[in-house]
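final.cif (mmCIF, C-alpha atoms and all ligand atoms)
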data_final
#
loop_
_atom_site.group_PDB
_atom_site.id
_atom_site.type_symbol
_atom_site.label_atom_id
_atom_site.label_comp_id
_atom_site.auth_asym_id
_atom_site.auth_seq_id
_atom_site.Cartn_x
_atom_site.Cartn_y
_atom_site.Cartn_z
ATOM 1 C CA MET A 1 46.239 114.282 115.404
ATOM 2 C CA PRO A 2 45.345 111.048 113.535
ATOM 3 C CA GLN A 3 45.273 107.997 115.772
ATOM 4 C CA ILE A 4 46.896 104.615 115.216
ATOM 5 C CA GLU A 5 44.335 101.849 114.824
ATOM 6 C CA LYS A 6 43.568 99.462 117.706
ATOM 7 C CA ARG A 7 42.188 95.985 116.987
ATOM 8 C CA ASP A 8 40.946 93.348 119.395
ATOM 9 C CA GLN A 9 40.111 90.724 116.782
ATOM 10 C CA ILE A 10 42.492 90.135 113.918
ATOM 11 C CA SER A 11 43.715 86.989 112.224
ATOM 12 C CA TYR A 12 47.390 86.294 111.677
ATOM 13 C CA GLU A 13 46.843 86.365 107.876
ATOM 14 C CA GLU A 14 45.142 89.757 107.952
ATOM 15 C CA PHE A 15 47.924 91.178 110.092
ATOM 16 C CA ILE A 16 50.628 89.885 107.708
ATOM 17 C CA ASN A 17 48.902 91.095 104.540
ATOM 18 C CA GLN A 18 47.392 94.387 105.696
ATOM 19 C CA TYR A 19 49.950 95.600 108.251
ATOM 20 C CA LEU A 20 53.317 93.800 108.280
ATOM 21 C CA LYS A 21 53.769 93.703 104.496
ATOM 22 C CA LYS A 22 52.429 97.244 104.075
ATOM 23 C CA ARG A 23 54.527 98.525 106.979
ATOM 24 C CA LYS A 24 51.438 99.926 108.652
ATOM 25 C CA PRO A 25 51.469 100.315 112.452
ATOM 26 C CA LEU A 26 48.852 98.615 114.594
ATOM 27 C CA VAL A 27 47.921 98.225 118.236
ATOM 28 C CA PHE A 28 46.778 94.755 119.294
ATOM 29 C CA LYS A 29 44.416 95.133 122.221
ATOM 30 C CA ASN A 30 44.995 91.657 123.601
ATOM 31 C CA ALA A 31 47.789 89.789 121.789
ATOM 32 C CA SER A 32 49.568 89.402 125.143
ATOM 33 C CA LYS A 33 46.721 87.126 126.283
ATOM 34 C CA ALA A 34 48.878 84.448 124.616
ATOM 35 C CA TRP A 35 50.986 84.651 127.783
ATOM 36 C CA PRO A 36 49.871 82.589 130.783
ATOM 37 C CA SER A 37 49.730 85.693 133.007
ATOM 38 C CA HIS A 38 49.839 89.410 132.445
ATOM 39 C CA GLN A 39 49.818 90.574 136.050
ATOM 40 C CA PHE A 40 53.211 92.212 135.748
ATOM 41 C CA GLY A 41 53.042 95.418 137.751
ATOM 42 C CA PRO A 42 55.441 97.126 140.185
ATOM 43 C CA ASP A 43 54.550 94.713 143.038
ATOM 44 C CA PHE A 44 55.351 91.709 140.883
ATOM 45 C CA PHE A 45 58.767 93.081 139.878
ATOM 46 C CA SER A 46 59.534 94.193 143.424
ATOM 47 C CA ASP A 47 58.639 90.775 144.890
ATOM 48 C CA LYS A 48 60.378 88.648 142.301
ATOM 49 C CA PHE A 49 63.263 90.766 141.033
ATOM 50 C CA GLY A 50 63.554 93.747 143.422
ATOM 51 C CA ASP A 51 67.288 93.213 144.024
ATOM 52 C CA TYR A 52 68.297 92.798 140.392
ATOM 53 C CA VAL A 53 70.645 95.609 139.442
ATOM 54 C CA MET A 54 71.321 97.504 136.219
ATOM 55 C CA ASP A 55 73.926 100.090 135.338
ATOM 56 C CA PHE A 56 72.718 103.347 133.799
ATOM 57 C CA GLU A 57 75.176 106.095 132.883
ATOM 58 C CA GLY A 58 77.776 104.741 135.301
ATOM 59 C CA LYS A 59 75.430 104.249 138.267
ATOM 60 C CA ASN A 60 73.855 101.050 139.559
ATOM 61 C CA TYR A 61 70.125 100.879 140.229
ATOM 62 C CA SER A 62 68.162 97.975 141.703
ATOM 63 C CA ILE A 63 64.670 97.301 140.373
ATOM 64 C CA ASN A 64 63.295 98.451 143.750
ATOM 65 C CA GLN A 65 65.151 101.749 143.370
ATOM 66 C CA ILE A 66 63.968 102.124 139.766
ATOM 67 C CA LEU A 67 60.369 101.515 140.886
ATOM 68 C CA GLU A 68 60.716 104.195 143.541
ATOM 69 C CA LEU A 69 62.256 106.671 141.103
ATOM 70 C CA THR A 70 59.692 106.070 138.385
ATOM 71 C CA LYS A 71 56.813 106.283 140.869
ATOM 72 C CA ASN A 72 57.987 109.714 142.007
ATOM 73 C CA SER A 73 59.059 110.923 138.561
ATOM 74 C CA THR A 74 57.787 114.330 137.410
ATOM 75 C CA PRO A 75 58.367 116.358 134.236
ATOM 76 C CA ALA A 76 60.499 118.765 136.313
ATOM 77 C CA ASN A 77 62.490 115.954 137.897
ATOM 78 C CA PRO A 78 62.194 112.881 135.668
ATOM 79 C CA ALA A 79 63.538 109.435 136.550
ATOM 80 C CA PRO A 80 66.597 108.270 134.594
ATOM 81 C CA TYR A 81 65.329 106.771 131.316
ATOM 82 C CA PRO A 82 65.498 104.216 129.891
ATOM 83 C CA ILE A 83 67.099 101.912 132.434
ATOM 84 C CA SER A 84 66.844 98.812 130.308
ATOM 85 C CA PHE A 85 67.155 95.124 131.167
ATOM 86 C CA GLU A 86 68.034 92.639 128.439
ATOM 87 C CA ILE A 87 65.482 90.041 129.505
ATOM 88 C CA PRO A 88 67.082 86.788 128.212
ATOM 89 C CA HIS A 89 70.393 87.692 129.825
ATOM 90 C CA ASP A 90 69.479 89.801 132.868
ATOM 91 C CA LEU A 91 66.082 88.327 133.826
ATOM 92 C CA PRO A 92 65.948 84.807 132.313
ATOM 93 C CA GLU A 93 63.294 83.738 134.852
ATOM 94 C CA PHE A 94 61.020 86.479 133.539
ATOM 95 C CA MET A 95 61.660 85.415 129.924
ATOM 96 C CA ALA A 96 60.083 82.075 130.819
ATOM 97 C CA MET A 97 56.909 83.890 131.973
ATOM 98 C CA ILE A 98 56.274 85.712 128.685
ATOM 99 C CA LYS A 99 56.153 82.714 126.381
ATOM 100 C CA PRO A 100 55.494 82.737 123.521
ATOM 101 C CA ILE A 101 57.242 86.092 123.288
ATOM 102 C CA HIS A 102 55.948 86.475 119.686
ATOM 103 C CA MET A 103 52.309 86.219 120.928
ATOM 104 C CA ASN A 104 51.540 84.233 117.741
ATOM 105 C CA PHE A 105 51.802 87.428 115.641
ATOM 106 C CA ALA A 106 55.497 88.454 115.666
ATOM 107 C CA THR A 107 56.441 85.303 113.841
ATOM 108 C CA PRO A 108 58.463 84.123 112.000
ATOM 109 C CA ASN A 109 61.346 85.859 113.715
ATOM 110 C CA TRP A 110 64.819 84.997 112.504
ATOM 111 C CA PHE A 111 66.209 86.445 115.739
ATOM 112 C CA ASP A 112 64.973 83.252 117.435
ATOM 113 C CA SER A 113 67.994 81.617 115.854
ATOM 114 C CA LYS A 114 71.155 81.350 117.949
ATOM 115 C CA ILE A 115 73.155 82.627 114.957
ATOM 116 C CA PHE A 116 72.360 86.200 116.018
ATOM 117 C CA PRO A 117 73.985 87.717 119.107
ATOM 118 C CA PHE A 118 71.587 89.438 121.544
ATOM 119 C CA GLY A 119 71.415 93.218 121.316
ATOM 120 C CA LYS A 120 74.055 93.533 118.592
ATOM 121 C CA PHE A 121 72.427 93.830 115.187
ATOM 122 C CA GLY A 122 68.971 94.596 116.541
ATOM 123 C CA LYS A 123 68.079 91.445 118.460
ATOM 124 C CA ASN A 124 66.636 93.198 121.503
ATOM 125 C CA VAL A 125 64.291 91.774 124.102
ATOM 126 C CA ASN A 126 64.218 94.523 126.680
ATOM 127 C CA LEU A 127 62.327 95.540 129.785
ATOM 128 C CA PHE A 128 61.894 99.299 130.304
ATOM 129 C CA PHE A 129 60.705 101.074 133.450
ATOM 130 C CA GLY A 130 59.568 104.676 133.060
ATOM 131 C CA GLY A 131 57.775 107.445 134.868
ATOM 132 C CA GLN A 132 55.960 110.684 134.258
ATOM 133 C CA GLY A 133 58.162 113.137 132.373
ATOM 134 C CA ASN A 134 60.152 110.414 130.643
ATOM 135 C CA GLN A 135 60.483 110.874 126.924
ATOM 136 C CA TYR A 136 62.457 108.732 124.489
ATOM 137 C CA SER A 137 64.552 110.293 121.741
ATOM 138 C CA LEU A 138 63.018 110.517 118.265
ATOM 139 C CA HIS A 139 64.515 107.718 116.176
ATOM 140 C CA LYS A 140 64.143 104.914 113.689
ATOM 141 C CA ASP A 141 65.248 101.548 115.084
ATOM 142 C CA PHE A 142 68.745 100.655 113.910
ATOM 143 C CA TYR A 143 68.936 97.862 111.326
ATOM 144 C CA HIS A 144 65.324 98.249 110.192
ATOM 145 C CA THR A 145 63.973 95.763 112.711
ATOM 146 C CA ASN A 146 60.244 95.666 113.442
ATOM 147 C CA ALA A 147 59.520 96.669 117.029
ATOM 148 C CA TRP A 148 56.872 95.005 119.183
ATOM 149 C CA ILE A 149 56.246 96.838 122.409
ATOM 150 C CA THR A 150 53.858 95.468 125.023
ATOM 151 C CA GLN A 151 52.709 97.649 127.861
ATOM 152 C CA LEU A 152 52.789 95.575 131.069
ATOM 153 C CA TYR A 153 51.751 98.368 133.392
ATOM 154 C CA GLY A 154 50.733 102.030 133.121
ATOM 155 C CA GLU A 155 50.285 104.094 129.984
ATOM 156 C CA LYS A 156 52.701 105.349 127.369
ATOM 157 C CA LYS A 157 52.013 107.525 124.380
ATOM 158 C CA PHE A 158 53.597 106.526 121.055
ATOM 159 C CA ILE A 159 54.139 109.115 118.338
ATOM 160 C CA LEU A 160 55.046 107.784 114.883
ATOM 161 C CA PHE A 161 56.029 109.581 111.675
ATOM 162 C CA PRO A 162 55.157 107.285 108.732
ATOM 163 C CA GLY A 163 56.856 107.439 105.349
ATOM 164 C CA ASP A 164 60.115 109.147 104.524
ATOM 165 C CA GLN A 165 60.299 112.198 106.789
ATOM 166 C CA ASP A 166 64.104 112.296 107.207
ATOM 167 C CA GLU A 167 64.206 115.850 105.859
ATOM 168 C CA TYR A 168 61.546 117.257 108.208
ATOM 169 C CA LEU A 169 63.061 115.474 111.198
ATOM 170 C CA TYR A 170 66.659 116.478 110.457
ATOM 171 C CA ALA A 171 68.037 112.942 110.261
ATOM 172 C CA GLY A 172 71.822 112.760 110.165
ATOM 173 C CA ARG A 173 73.162 111.816 106.750
ATOM 174 C CA LYS A 174 75.295 108.771 107.505
ATOM 175 C CA GLY A 175 75.682 105.753 109.741
ATOM 176 C CA TYR A 176 73.865 105.653 113.076
ATOM 177 C CA ALA A 177 73.098 109.386 112.801
ATOM 178 C CA ASN A 178 70.678 108.677 109.949
ATOM 179 C CA PHE A 179 68.446 106.904 112.482
ATOM 180 C CA LEU A 180 68.417 109.778 114.970
ATOM 181 C CA SER A 181 66.621 113.115 115.033
ATOM 182 C CA PRO A 182 67.668 116.122 117.145
ATOM 183 C CA VAL A 183 64.065 117.432 117.303
ATOM 184 C CA ASN A 184 62.339 117.487 120.685
ATOM 185 C CA ILE A 185 58.792 116.951 119.488
ATOM 186 C CA LEU A 186 57.225 118.256 122.726
ATOM 187 C CA ASN A 187 59.127 121.500 122.452
ATOM 188 C CA PRO A 188 60.515 121.856 118.924
ATOM 189 C CA ASP A 189 62.965 124.652 118.218
ATOM 190 C CA LEU A 190 61.428 125.886 114.964
ATOM 191 C CA GLY A 191 64.205 128.471 114.567
ATOM 192 C CA LYS A 192 66.692 125.622 114.328
ATOM 193 C CA HIS A 193 64.390 123.032 112.740
ATOM 194 C CA PRO A 194 61.858 125.004 110.613
ATOM 195 C CA LYS A 195 61.016 122.024 108.365
ATOM 196 C CA PHE A 196 59.595 120.177 111.367
ATOM 197 C CA LYS A 197 56.415 122.219 110.683
ATOM 198 C CA SER A 198 55.810 119.924 107.676
ATOM 199 C CA ALA A 199 56.265 116.687 109.656
ATOM 200 C CA GLN A 200 53.129 114.549 109.965
ATOM 201 C CA SER A 201 52.657 112.273 112.918
ATOM 202 C CA ILE A 202 50.162 109.723 114.149
ATOM 203 C CA GLU A 203 49.817 108.698 117.752
ATOM 204 C CA VAL A 204 48.258 106.323 120.214
ATOM 205 C CA THR A 205 48.300 105.747 123.953
ATOM 206 C CA LEU A 206 49.258 102.188 124.788
ATOM 207 C CA GLU A 207 47.293 100.800 127.734
ATOM 208 C CA PRO A 208 48.294 97.850 129.944
ATOM 209 C CA GLY A 209 48.101 94.569 128.035
ATOM 210 C CA GLU A 210 48.238 96.273 124.619
ATOM 211 C CA THR A 211 51.005 95.734 122.076
ATOM 212 C CA ILE A 212 52.112 98.109 119.349
ATOM 213 C CA PHE A 213 53.697 96.958 116.096
ATOM 214 C CA VAL A 214 56.111 99.655 114.899
ATOM 215 C CA PRO A 215 57.127 98.827 111.301
ATOM 216 C CA ASN A 216 60.792 98.864 110.371
ATOM 217 C CA GLY A 217 62.252 102.176 109.279
ATOM 218 C CA MET A 218 59.454 104.255 110.816
ATOM 219 C CA TRP A 219 60.349 107.264 112.955
ATOM 220 C CA HIS A 220 58.945 107.034 116.473
ATOM 221 C CA THR A 221 59.229 108.218 120.025
ATOM 222 C CA THR A 222 57.376 107.837 123.317
ATOM 223 C CA VAL A 223 56.110 109.989 126.161
ATOM 224 C CA ALA A 224 55.260 108.346 129.479
ATOM 225 C CA LEU A 225 52.010 109.424 131.099
ATOM 226 C CA GLY A 226 52.942 107.978 134.510
ATOM 227 C CA GLN A 227 54.816 105.052 136.009
ATOM 228 C CA ASN A 228 54.919 102.304 133.406
ATOM 229 C CA ILE A 229 56.654 99.069 132.433
ATOM 230 C CA SER A 230 57.112 97.735 128.886
ATOM 231 C CA VAL A 231 58.594 94.795 127.023
ATOM 232 C CA ILE A 232 60.335 95.618 123.745
ATOM 233 C CA TYR A 233 60.904 92.852 121.226
ATOM 234 C CA ASP A 234 62.618 93.071 117.822
ATOM 235 C CA GLN A 235 61.721 91.089 114.719
ATOM 236 C CA LEU A 236 63.590 90.198 111.543
ATOM 237 C CA ASN A 237 62.342 87.972 108.726
ATOM 238 C CA SER A 238 62.139 87.886 104.940
ATOM 239 C CA THR A 239 59.976 91.054 104.874
ATOM 240 C CA ASN A 240 62.715 93.315 106.331
ATOM 241 C CA TYR A 241 65.826 91.248 105.657
ATOM 242 C CA ASN A 242 67.013 93.287 102.641
ATOM 243 C CA ALA A 243 66.782 96.547 104.600
ATOM 244 C CA TRP A 244 68.510 94.934 107.599
ATOM 245 C CA ARG A 245 71.328 93.631 105.407
ATOM 246 C CA LYS A 246 71.857 97.058 103.827
ATOM 247 C CA ASP A 247 72.116 98.624 107.290
ATOM 248 C CA MET A 248 74.625 95.985 108.358
ATOM 249 C CA PHE A 249 77.006 97.513 105.842
ATOM 250 C CA HIS A 250 76.036 101.188 105.789
ATOM 251 C CA ILE A 251 75.813 101.788 109.541
ATOM 252 C CA LYS A 252 79.388 100.606 110.069
ATOM 253 C CA LYS A 253 81.105 101.764 106.905
ATOM 254 C CA GLU A 254 81.928 105.318 108.039
ATOM 255 C CA GLN A 255 83.549 104.082 111.241
ATOM 256 C CA ASN A 256 85.261 100.908 110.190
ATOM 257 C CA PHE A 257 85.213 99.621 106.613
ATOM 258 C CA PRO A 258 86.622 96.118 107.284
ATOM 259 C CA LYS A 259 84.000 95.639 110.017
ATOM 260 C CA ALA A 260 81.268 96.769 107.613
ATOM 261 C CA VAL A 261 82.420 94.137 105.107
ATOM 262 C CA ALA A 262 82.518 91.481 107.853
ATOM 263 C CA ASN A 263 79.006 92.467 108.975
ATOM 264 C CA TYR A 264 77.759 92.205 105.408
ATOM 265 C CA GLY A 265 79.289 88.739 105.039
ATOM 266 C CA PHE A 266 77.599 87.663 108.263
ATOM 267 C CA ALA A 267 74.291 89.127 107.035
ATOM 268 C CA LEU A 268 74.517 87.143 103.779
ATOM 269 C CA ILE A 269 75.267 83.852 105.507
ATOM 270 C CA ALA A 270 72.733 84.305 108.322
ATOM 271 C CA GLY A 271 70.067 85.380 105.813
ATOM 272 C CA THR A 272 70.671 82.386 103.576
ATOM 273 C CA ILE A 273 70.402 79.957 106.497
ATOM 274 C CA CYS A 274 67.233 81.601 107.853
ATOM 275 C CA LYS A 275 65.575 81.746 104.418
ATOM 276 C CA ILE A 276 66.180 78.033 103.893
ATOM 277 C CA ARG A 277 64.866 77.246 107.381
ATOM 278 C CA GLU A 278 61.761 79.403 106.818
ATOM 279 C CA SER A 279 61.029 77.703 103.490
ATOM 280 C CA ILE A 280 61.186 74.167 104.913
ATOM 281 C CA GLN A 281 59.097 74.942 108.002
HETATM 282 O O1 LIG B 301 59.427 102.380 124.883
HETATM 283 C C1 LIG B 301 60.047 103.390 124.565
HETATM 284 O O2 LIG B 301 60.140 104.395 125.270
HETATM 285 C C2 LIG B 301 60.697 103.433 123.209
HETATM 286 C C3 LIG B 301 61.393 102.171 122.897
HETATM 287 C C4 LIG B 301 61.989 102.166 121.543
HETATM 288 O O3 LIG B 301 61.512 102.785 120.635
HETATM 289 C C5 LIG B 301 63.192 101.372 121.302
HETATM 290 O O4 LIG B 301 63.704 100.714 122.222
HETATM 291 O O5 LIG B 301 63.691 101.388 120.161
HETATM 292 FE FE FE B 302 62.504 102.306 118.809
#

Here is a file; write its structure as structure tokens.
Amino acid sequence: MPQIEKRDQISYEEFINQYLKKRKPLVFKNASKAWPSHQFGPDFFSDKFGDYVMDFEGKNYSINQILELTKNSTPANPAPYPISFEIPHDLPEFMAMIKPIHMNFATPNWFDSKIFPFGKFGKNVNLFFGGQGNQYSLHKDFYHTNAWITQLYGEKKFILFPGDQDEYLYAGRKGYANFLSPVNILNPDLGKHPKFKSAQSIEVTLEPGETIFVPNGMWHTTVALGQNISVIYDQLNSTNYNAWRKDMFHIKKEQNFPKAVANYGFALIAGTICKIRESIQ
């Protein structure tokens, strides 16, 4: 299977012109060196945040419990996944340790503005704990945000499907469903999903310290190779704003038309403010 490129030396300009603007994925081998420390393994989270609790499917788990579960996770008996912490809200002390969160590459990011609510229209800054046997669903990120995922500890395999492969991946036709695929790529049911045979993927294993840029609108999923911890960070700016704004209307319109119109109004105003700010910076 073709591999996603890894780079250890790349300028900001080259990244913007050759990857961001072309919506081409890339792994940065050491962008997270922009952070003062990257010693963020299980011991660190246990010492500093072991008692912090998160609800997952109606059950509460402390970070210590999650670390235990992910350490002992197996494909036959996988840990619950993904138990996700919204870092700015749930772990603000940790947010302060991963500054600058954009690592001098994921910038400009309009989500830095307080206009946008966290986690609502794609402004995610999440911490994920996983273990062997954990697999994410196959999806495109809602609202066409760019995803930046840094591996803090352990390894995780990323599988991406570039271009328009909605047909081969059996994307739903409308709303949120259009961003989701029912195909289990590790064990596809070709009787049910015969066109998956034509799907073309690229992959890479993200090692500790590495960061993957997943361009907006690109299908992707992950498979954990063992216990691992990741930071997930979303980006919006003038390069994906039009797609984001379209989603703001189309994702909601099947469910609630007035809300879709309100979202679109918000998108227009927020976009105008951010564009002006970006142009005077
Ligand atoms: O890290 C993962 O398992 C996948 C995360 C992801 O794609 C997402 O949060 O949208
Ligand atoms: Fe994603």

Starting from the shown file, work through the PyMOL selection byres (((not hetatm)) within 8 of (chain B and resi 302)) and note down what comes out as an mmCIF file with C-alpha atoms, in the coordinates of the input.
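Written file, expr09.cif:
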data_model
loop_
_atom_site.group_PDB
_atom_site.id
_atom_site.type_symbol
_atom_site.label_atom_id
_atom_site.label_comp_id
_atom_site.auth_asym_id
_atom_site.auth_seq_id
_atom_site.Cartn_x
_atom_site.Cartn_y
_atom_site.Cartn_z
ATOM 1 C CA HIS A 139 64.515 107.718 116.176
ATOM 2 C CA LYS A 140 64.143 104.914 113.689
ATOM 3 C CA ASP A 141 65.248 101.548 115.084
ATOM 4 C CA ALA A 147 59.520 96.669 117.029
ATOM 5 C CA VAL A 214 56.111 99.655 114.899
ATOM 6 C CA TRP A 219 60.349 107.264 112.955
ATOM 7 C CA HIS A 220 58.945 107.034 116.473
ATOM 8 C CA THR A 221 59.229 108.218 120.025
#

Expected selection from the PyMOL selection byres (((chain A and resi 124-128) around 8) and not hetatm), given as a ChimeraX atom specification: /A:82-88,118-120,122-123,129-130,229-234

Expected file contents, prior selection, C-alpha atoms, as a PDB file, keeping the file's coordinate frame:
ATOM      1  CA  PRO A  82      65.498 104.216 129.891  1.00  0.00           C
ATOM      2  CA  ILE A  83      67.099 101.912 132.434  1.00  0.00           C
ATOM      3  CA  SER A  84      66.844  98.812 130.308  1.00  0.00           C
ATOM      4  CA  PHE A  85      67.155  95.124 131.167  1.00  0.00           C
ATOM      5  CA  GLU A  86      68.034  92.639 128.439  1.00  0.00           C
ATOM      6  CA  ILE A  87      65.482  90.041 129.505  1.00  0.00           C
ATOM      7  CA  PRO A  88      67.082  86.788 128.212  1.00  0.00           C
ATOM      8  CA  PHE A 118      71.587  89.438 121.544  1.00  0.00           C
ATOM      9  CA  GLY A 119      71.415  93.218 121.316  1.00  0.00           C
ATOM     10  CA  LYS A 120      74.055  93.533 118.592  1.00  0.00           C
ATOM     11  CA  GLY A 122      68.971  94.596 116.541  1.00  0.00           C
ATOM     12  CA  LYS A 123      68.079  91.445 118.460  1.00  0.00           C
ATOM     13  CA  PHE A 129      60.705 101.074 133.450  1.00  0.00           C
ATOM     14  CA  GLY A 130      59.568 104.676 133.060  1.00  0.00           C
ATOM     15  CA  ILE A 229      56.654  99.069 132.433  1.00  0.00           C
ATOM     16  CA  SER A 230      57.112  97.735 128.886  1.00  0.00           C
ATOM     17  CA  VAL A 231      58.594  94.795 127.023  1.00  0.00           C
ATOM     18  CA  ILE A 232      60.335  95.618 123.745  1.00  0.00           C
ATOM     19  CA  TYR A 233      60.904  92.852 121.226  1.00  0.00           C
ATOM     20  CA  ASP A 234      62.618  93.071 117.822  1.00  0.00           C
TER      21      ASP A 234
END

Counting all atoms listed in the file, the option among A:Gln135, A:Gln3, A:Ser62, A:Gln255 closest to ligand LIG 301 (chain B): A:Gln135

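For the choices A:Pro25, A:Pro36, A:Pro182, A:Gly217, the atom-to-atom distance to Met103 in chain A is smallest for A:Pro36 when using all atoms listed in the file.
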
Exercise: Arg23 in chain A partners within 12 Å, all atoms listed in the file, chain neighbours under 5 positions left out, as a list in words: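 Surrounding residues, per the criterion: Phe15, Ile16, Asn17, Gln18, His144, Thr145, Asn146, Ala147, Pro162, Gly163, Phe213, Val214, Pro215, Asn216, Gly217, Met218, Thr239 and Asn240 of chain A.
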
Pick from A:Leu69, A:Tyr12, A:Ile251, A:Asn64 nearest to Lys48 in chain A, counting all atoms listed in the file: A:Asn64

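By chain and then residue number, the residues within 6 Å of range 188-198 of chain A are Tyr168, Leu169, Val183 and Asn184 of chain A, counting only C-alpha atoms and disregarding those fewer than 4 positions away in sequence.
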
Selection under test: the PyMOL selection byres (((chain A and resi 158) around 9) and not hetatm); residues as a PyMOL selection string: chain A and resi 156-157+159-160+202-206+212+220-224

Protein and nucleic acid residues near (61.7, 80.9, 108.1) (cut-off 8 Å, only C-alpha atoms) as a ChimeraX atom specification: /A:108-110,237-238,274-281

Selection: 12 Å around Glu254 in chain A, only C-alpha atoms, excl. self and same-chain fewer than 2 positions, as a PyMOL selection string: chain A and resi 173-178+247-252+256-261
